[in-house]
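Note sheet for the following structure.
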Amino acid sequence: MSDFGDLTEPRPPIGPPPPPPPPGFSASAPGGFAGVQPPPPPYAPPGAPSPYGPRSEFGMQQYATMRVPRPPVTVGAVLLLFGGAMVALGSALNWFSIAGESFTGFTRGAGDDVKDGPFFLTFGLVLLGFGIALLSARKILAVTILAIVVAAMTVLFAFADLGSLSDSKKAADAFGIDFSTGPGLYLCVFGGLVALAGAIAATAKRRR
């Protein structure tokens with residue numbers, strides 16, 4: 001016998017034996033356990049739908065976004081209501097007086113078949129409708145844009161009629177005829193400006 005002993009003799013184990021495999025373990029089953037599915041891959045294969053929703057062109061998930069309610073345009077709507085009411089009222093009030101006779105937007109003089117009072121009344125009622133629509137719907141941008149157009153037309157037409165009144169007053173003064181202007185047409189101008197300011201304010205707030 002050599003100094004190293006017999007190499008063919010079995011040697012005792014150095015450490016304790018390994019623990020037995022857990023129940024259900026199978027070397028041939030996916031993941032090592034029978035009946036247990038492997039975890040899904042972190043990314044879906046090409047062409048397969050993603051469980052987290054569709055992907056955008058930048059590779060990011062497109063999540064459903066909640067629509068934030070738009071702020072109300074109460075101030076603009078109230079200005080439209082007041083402006084429309086003033087325009088409608090101004091169309092029926094006294095525009096001017098000549099030789100002691102008063103004329104409104106609906107008065108027809110000699111040789112004058114068409115007066116501007118019905119137009120201002122229509123503009124005022126339309127502006128009132130726009131104001132009511134903004135208070136009730138609160139999400140119609142087209143209404144504010146149309147209100148700007150109608151209010152601007154009201155102001156332009158009212159200033160044109162004021163220019164005609166000024167020319168008539170100069171002609172009356174030249175002939176020594178008593179001529180005075182009333183509040184009706186000025187109220188149409190002021191109401192149109194108020195409605196225009198309200199429509200612009202509502203549009204600016206709606207586009208934020």
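We label chains A, B, ... in the order they appear in the structure tokens, count residues from 1 in each chain, and number ligands from 1 in the order shown.
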
Review point. Which of stretch 81-205 of chain A counts as strand (DSSP E) under DSSP, as an MDAnalysis selection string please?
Key: chainID A and resid 94:98 101:104 179:181

Same residues, C-alpha atoms, output as a PDB file, in the first residue's frame:
ATOM      1  CA  ASN A  94     -85.626 107.997 -30.891  1.00  0.00           C
ATOM      2  CA  TRP A  95     -82.778 108.466 -33.376  1.00  0.00           C
ATOM      3  CA  PHE A  96     -83.305 112.131 -34.230  1.00  0.00           C
ATOM      4  CA  SER A  97     -85.910 114.870 -34.174  1.00  0.00           C
ATOM      5  CA  ILE A  98     -86.425 117.431 -36.916  1.00  0.00           C
ATOM      6  CA  GLU A 101     -91.056 115.409 -35.242  1.00  0.00           C
ATOM      7  CA  SER A 102     -89.255 112.368 -33.797  1.00  0.00           C
ATOM      8  CA  PHE A 103     -87.867 109.526 -35.887  1.00  0.00           C
ATOM      9  CA  THR A 104     -86.838 106.038 -34.808  1.00  0.00           C
ATOM     10  CA  PHE A 179     -82.538 119.240 -35.643  1.00  0.00           C
ATOM     11  CA  SER A 180     -81.496 117.120 -32.653  1.00  0.00           C
ATOM     12  CA  THR A 181     -80.244 113.595 -32.226  1.00  0.00           C
TER      13      THR A 181
END

Check your understanding: Which residues come within 7 Å of A:Val155, counting only C-alpha atoms, excluding same-chain residues fewer than 2 positions away, as a VMD selection string?
Key -> chain A and resid 151 to 153 157 to 159 189 192 to 193

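Look at A:Ile200: the protein and nucleic acid residues within 7 Å of it, using only C-alpha atoms and passing over chain neighbours fewer than 4 places away, are Ile148, Leu196 and Ala204 of chain A.
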
Practice item. Tell me, in Å to one decimal, how far atom CA of A:Leu141 is from atom CA of A:Ala202. Key: 8.6 Å

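For the atom pair formed by atom CA of A:Leu187 and atom CA of A:Leu93, the distance is 8.8 Å, given to one decimal.
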
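Across the structure, atom CA of A:Leu156 and atom CA of A:Val75 are spaced 23.6 Å apart.
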